[in-house]
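Visitor: Handing you a structure now.
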Amino acid sequence: MTLHIVKLCVGVSGLEEFEEWRAYEKAARRKMDHVTRMFPKRADEVLDGGSIYWVIKSMILVRQPIVGLKAVTGADGIERCRMIFDSDYVLVRPTPRRAFQGWRYLDAADAPPDLAKSGAGAADMPEALRAELAALGLL
């Protein structure tokens, strides 16, 4: 069964800044990844089609498919997890999410749907309009 991860996108103020960060990483030919302290105990389920859902300004807005999880050891000797994800991303229906530390599992049944599947033209709308429509339950 597929299991996703939800994580705060710290330091990113909106989708535009997320896209700039992604473009910078892609131009530098870097793998899209994130190092986190805890290694998922349910790694097999995450690697079975799971994605990382990014929370930007208290809203889940975008996801990236997870393509790998790798144990790495930091300079301080502490073992961590490098989450490697696809450089492509998918806009999802804006979904409110309160702040939390670290990352959390997200069941596939609770994951917000992709915008391309949830409504015609929603992916082309300005970010603020998508958020407002989602808050009203219209998206």
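We label chains A, B, ... in the order they appear in the structure tokens, count residues from 1 in each chain, and number ligands from 1 in the order shown.
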So which bits of range 14-84 of chain A end up strand (DSSP E or B) when you DSSP the backbone, as a ChimeraX atom specification?
Guide: /A:32-36,51-56,59-73,79-84
Visitor: I'd like the neighbourhood of Val35 in chain A as a list in words, where a residue qualifies if any of its atoms comes within 7 Å (using only C-alpha atoms), though same-chain residues fewer than 2 positions away should be ignored.
Guide: Asp33, Arg37, Arg80, Cys81, Arg82 and Met83 of chain A
Visitor: Take the residues from that selection and write them out as a PDB file, in the first residue's frame, keeping N, CA and C atoms.
Guide:
ATOM      1  N   ASP A  33      16.681  16.559  -3.208  1.00  0.00           N
ATOM      2  CA  ASP A  33      16.681  15.733  -2.017  1.00  0.00           C
ATOM      3  C   ASP A  33      16.508  16.590  -0.777  1.00  0.00           C
ATOM      4  N   ARG A  37      16.334  13.870  10.005  1.00  0.00           N
ATOM      5  CA  ARG A  37      16.911  13.090  11.115  1.00  0.00           C
ATOM      6  C   ARG A  37      16.397  11.654  11.159  1.00  0.00           C
ATOM      7  N   ARG A  80      21.251   9.797   9.462  1.00  0.00           N
ATOM      8  CA  ARG A  80      20.082  10.528   8.974  1.00  0.00           C
ATOM      9  C   ARG A  80      19.523   9.824   7.741  1.00  0.00           C
ATOM     10  N   CYS A  81      18.446  10.381   7.191  1.00  0.00           N
ATOM     11  CA  CYS A  81      17.827   9.841   5.986  1.00  0.00           C
ATOM     12  C   CYS A  81      17.845  10.902   4.884  1.00  0.00           C
ATOM     13  N   ARG A  82      18.366  10.537   3.734  1.00  0.00           N
ATOM     14  CA  ARG A  82      18.312  11.412   2.560  1.00  0.00           C
ATOM     15  C   ARG A  82      17.121  10.949   1.718  1.00  0.00           C
ATOM     16  N   MET A  83      16.104  11.806   1.644  1.00  0.00           N
ATOM     17  CA  MET A  83      14.943  11.529   0.798  1.00  0.00           C
ATOM     18  C   MET A  83      15.252  12.110  -0.579  1.00  0.00           C
TER      19      MET A  83
END
Visitor: Just the residues within 12 Å of Glu79 in chain A, please, counting only C-alpha atoms, with nothing from its chain fewer than 6 positions along; format it as a PyMOL selection string.
Guide: chain A and resi 35-39+70-73
Visitor: Find the residues near Ala109 in chain A: any atom within 12 Å, counting only C-alpha atoms, skip ones fewer than 2 places away on the same chain, and give them as a ChimeraX atom specification.
Guide: /A:1-4,105-107,111-113
Visitor: Rounded to one decimal in Å, what is the spacing between CA of Thr95 in chain A and CA of Met59 in chain A?
Guide: 5.2 Å
Visitor: Quote the spacing between CA of Ala99 in chain A and CA of Gln64 in chain A in Å to one decimal place.
Guide: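 If I compute the distance from CA of Ala99 in chain A to CA of Gln64 in chain A, I get 19.6 Å.
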Visitor: Could you give me, as a list in words, the residues within 9 Å of range 20-27 of chain A, counting only C-alpha atoms and dropping anything in the same chain fewer than 5 positions from it?
Guide: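 Surrounding residues, per the criterion: Val12, Leu15, Met32, Ser87 and Asp88 of chain A.
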Visitor: Report as an mmCIF file with C-alpha atoms, in the first residue's frame all protein, DNA and RNA residues lying within 10 Å of Arg104 in chain A, evaluated on only C-alpha atoms, omitting residues in the same chain fewer than 2 positions from it.
Guide:
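Written out: out.cif:
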data_model
loop_
_atom_site.group_PDB
_atom_site.id
_atom_site.type_symbol
_atom_site.label_atom_id
_atom_site.label_comp_id
_atom_site.auth_asym_id
_atom_site.auth_seq_id
_atom_site.Cartn_x
_atom_site.Cartn_y
_atom_site.Cartn_z
ATOM 1 C CA HIS A 4 3.213 9.464 1.449
ATOM 2 C CA ILE A 5 5.181 11.930 3.561
ATOM 3 C CA VAL A 6 4.138 15.489 4.373
ATOM 4 C CA LYS A 7 6.806 18.062 5.247
ATOM 5 C CA LEU A 8 6.980 21.810 5.846
ATOM 6 C CA PRO A 40 10.935 6.113 7.817
ATOM 7 C CA ILE A 52 6.575 14.118 -0.470
ATOM 8 C CA TYR A 53 3.762 16.654 -0.028
ATOM 9 C CA PHE A 100 4.520 20.638 12.923
ATOM 10 C CA GLN A 101 8.122 19.581 13.357
ATOM 11 C CA GLY A 102 9.850 17.015 11.184
ATOM 12 C CA LEU A 106 0.171 10.763 4.937
ATOM 13 C CA ASP A 107 -2.140 7.915 3.948
#
Visitor: Which residue, A:Ala116, A:Pro94, A:Lys31, A:Val67, has the smallest gap to Ala128 in chain A when you use only C-alpha atoms?
Guide: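 Among the listed residues, the smallest separation from Ala128 in chain A belongs to A:Pro94.
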Visitor: Could you tell me which of A:Ala75, A:Cys9, A:Arg30, A:Pro65 comes closest to Arg97 in chain A if we count only C-alpha atoms?
Guide: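 Among the listed residues, A:Cys9 lies closest to Arg97 in chain A.
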Visitor: Within chain A, find each residue whose DSSP state, derived from the backbone, is helix (DSSP H, G or I), and express the selection as an MDAnalysis selection string.
Guide: chainID A and resid 15:27 43:46 108:110 115:118 122:124 127:135
Visitor: For N, CA and C atoms, I'd like the residues from the last selection saved as a CSV table (one decimal), in the first residue's frame.
Guide:
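Once written, result-v6.csv looks like this:
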chain,number,residue,atom,x,y,z
A,15,LEU,N,4.5,29.4,-3.8
A,15,LEU,CA,4.7,28.4,-4.9
A,15,LEU,C,5.8,29.0,-5.9
A,16,GLU,N,5.7,30.3,-6.1
A,16,GLU,CA,6.7,30.9,-7.1
A,16,GLU,C,8.1,30.7,-6.6
A,17,GLU,N,8.3,30.9,-5.3
A,17,GLU,CA,9.7,30.7,-4.7
A,17,GLU,C,10.1,29.2,-4.7
A,18,PHE,N,9.1,28.3,-4.5
A,18,PHE,CA,9.4,26.9,-4.6
A,18,PHE,C,9.8,26.6,-6.0
A,19,GLU,N,9.2,27.1,-7.0
A,19,GLU,CA,9.6,26.9,-8.4
A,19,GLU,C,11.0,27.4,-8.7
A,20,GLU,N,11.3,28.6,-8.2
A,20,GLU,CA,12.6,29.2,-8.4
A,20,GLU,C,13.7,28.2,-7.7
A,21,TRP,N,13.4,27.7,-6.5
A,21,TRP,CA,14.3,26.8,-5.9
A,21,TRP,C,14.5,25.6,-6.7
A,22,ARG,N,13.4,25.0,-7.2
A,22,ARG,CA,13.5,23.8,-8.0
A,22,ARG,C,14.3,24.1,-9.3
A,23,ALA,N,14.0,25.2,-10.0
A,23,ALA,CA,14.8,25.5,-11.2
A,23,ALA,C,16.3,25.7,-10.9
A,24,TYR,N,16.6,26.3,-9.8
A,24,TYR,CA,18.0,26.5,-9.4
A,24,TYR,C,18.7,25.1,-9.2
A,25,GLU,N,18.1,24.2,-8.5
A,25,GLU,CA,18.6,22.9,-8.3
A,25,GLU,C,18.7,22.1,-9.6
A,26,LYS,N,17.8,22.3,-10.4
A,26,LYS,CA,17.8,21.6,-11.7
A,26,LYS,C,18.9,22.1,-12.6
A,27,ALA,N,19.1,23.4,-12.6
A,27,ALA,CA,20.2,24.0,-13.4
A,27,ALA,C,21.5,23.6,-12.9
A,43,ALA,N,9.5,2.4,5.2
A,43,ALA,CA,10.1,2.8,3.9
A,43,ALA,C,9.6,2.1,2.7
A,44,ASP,N,9.3,0.8,2.9
A,44,ASP,CA,8.8,0.0,1.7
A,44,ASP,C,7.5,0.6,1.2
A,45,GLU,N,6.7,1.1,2.1
A,45,GLU,CA,5.4,1.6,1.6
A,45,GLU,C,5.6,3.0,1.0
A,46,VAL,N,6.6,3.8,1.5
A,46,VAL,CA,6.9,5.1,0.9
A,46,VAL,C,7.4,4.9,-0.5
A,108,ALA,N,-2.5,7.5,1.6
A,108,ALA,CA,-3.0,7.8,0.3
A,108,ALA,C,-4.4,8.3,0.2
A,109,ALA,N,-5.3,7.7,1.1
A,109,ALA,CA,-6.7,8.1,1.1
A,109,ALA,C,-6.9,9.5,1.6
A,110,ASP,N,-5.9,10.1,2.4
A,110,ASP,CA,-6.0,11.4,2.9
A,110,ASP,C,-5.2,12.5,2.1
A,115,LEU,N,-4.2,18.6,-9.0
A,115,LEU,CA,-5.1,19.6,-9.6
A,115,LEU,C,-5.5,19.2,-11.0
A,116,ALA,N,-4.6,18.6,-11.8
A,116,ALA,CA,-5.0,18.2,-13.1
A,116,ALA,C,-6.2,17.3,-13.1
A,117,LYS,N,-6.3,16.5,-12.0
A,117,LYS,CA,-7.4,15.5,-12.0
A,117,LYS,C,-8.7,16.1,-11.3
A,118,SER,N,-8.5,17.2,-10.5
A,118,SER,CA,-9.6,17.7,-9.7
A,118,SER,C,-10.5,18.7,-10.4
A,122,ALA,N,-7.5,24.4,-13.1
A,122,ALA,CA,-7.2,24.8,-11.8
A,122,ALA,C,-5.7,25.0,-11.7
A,123,ALA,N,-4.9,24.2,-12.4
A,123,ALA,CA,-3.4,24.4,-12.3
A,123,ALA,C,-2.9,25.7,-12.9
A,124,ASP,N,-3.7,26.3,-13.7
A,124,ASP,CA,-3.3,27.6,-14.4
A,124,ASP,C,-3.8,28.8,-13.6
A,127,GLU,N,-2.0,31.3,-7.5
A,127,GLU,CA,-1.9,30.6,-6.3
A,127,GLU,C,-2.9,31.0,-5.2
A,128,ALA,N,-3.1,32.4,-5.1
A,128,ALA,CA,-4.0,32.9,-4.1
A,128,ALA,C,-5.4,32.6,-4.4
A,129,LEU,N,-5.8,32.5,-5.7
A,129,LEU,CA,-7.2,32.2,-6.1
A,129,LEU,C,-7.4,30.7,-5.8
A,130,ARG,N,-6.5,29.8,-6.1
A,130,ARG,CA,-6.6,28.4,-5.8
A,130,ARG,C,-6.8,28.2,-4.3
A,131,ALA,N,-6.0,28.9,-3.5
A,131,ALA,CA,-6.2,28.8,-2.0
A,131,ALA,C,-7.5,29.2,-1.5
A,132,GLU,N,-8.0,30.3,-2.1
A,132,GLU,CA,-9.3,30.9,-1.7
A,132,GLU,C,-10.4,29.9,-2.1
A,133,LEU,N,-10.4,29.4,-3.3
A,133,LEU,CA,-11.4,28.5,-3.8
A,133,LEU,C,-11.4,27.2,-2.9
A,134,ALA,N,-10.2,26.7,-2.6
A,134,ALA,CA,-10.1,25.5,-1.7
A,134,ALA,C,-10.7,25.8,-0.4
A,135,ALA,N,-10.4,27.0,0.2
A,135,ALA,CA,-11.0,27.3,1.5
A,135,ALA,C,-12.5,27.3,1.5
Visitor: Can you tell me how far CA of Ser51 in chain A sits from CA of Pro96 in chain A, in Å to one decimal?
Guide: 17.7 Å
Visitor: Nearest to Lys41 in chain A: which of A:Ile60, A:Ile84, A:Ala28, A:Leu69 is it, counting only C-alpha atoms?
Guide: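 Of the candidates, the smallest distance to Lys41 in chain A is held by A:Leu69.
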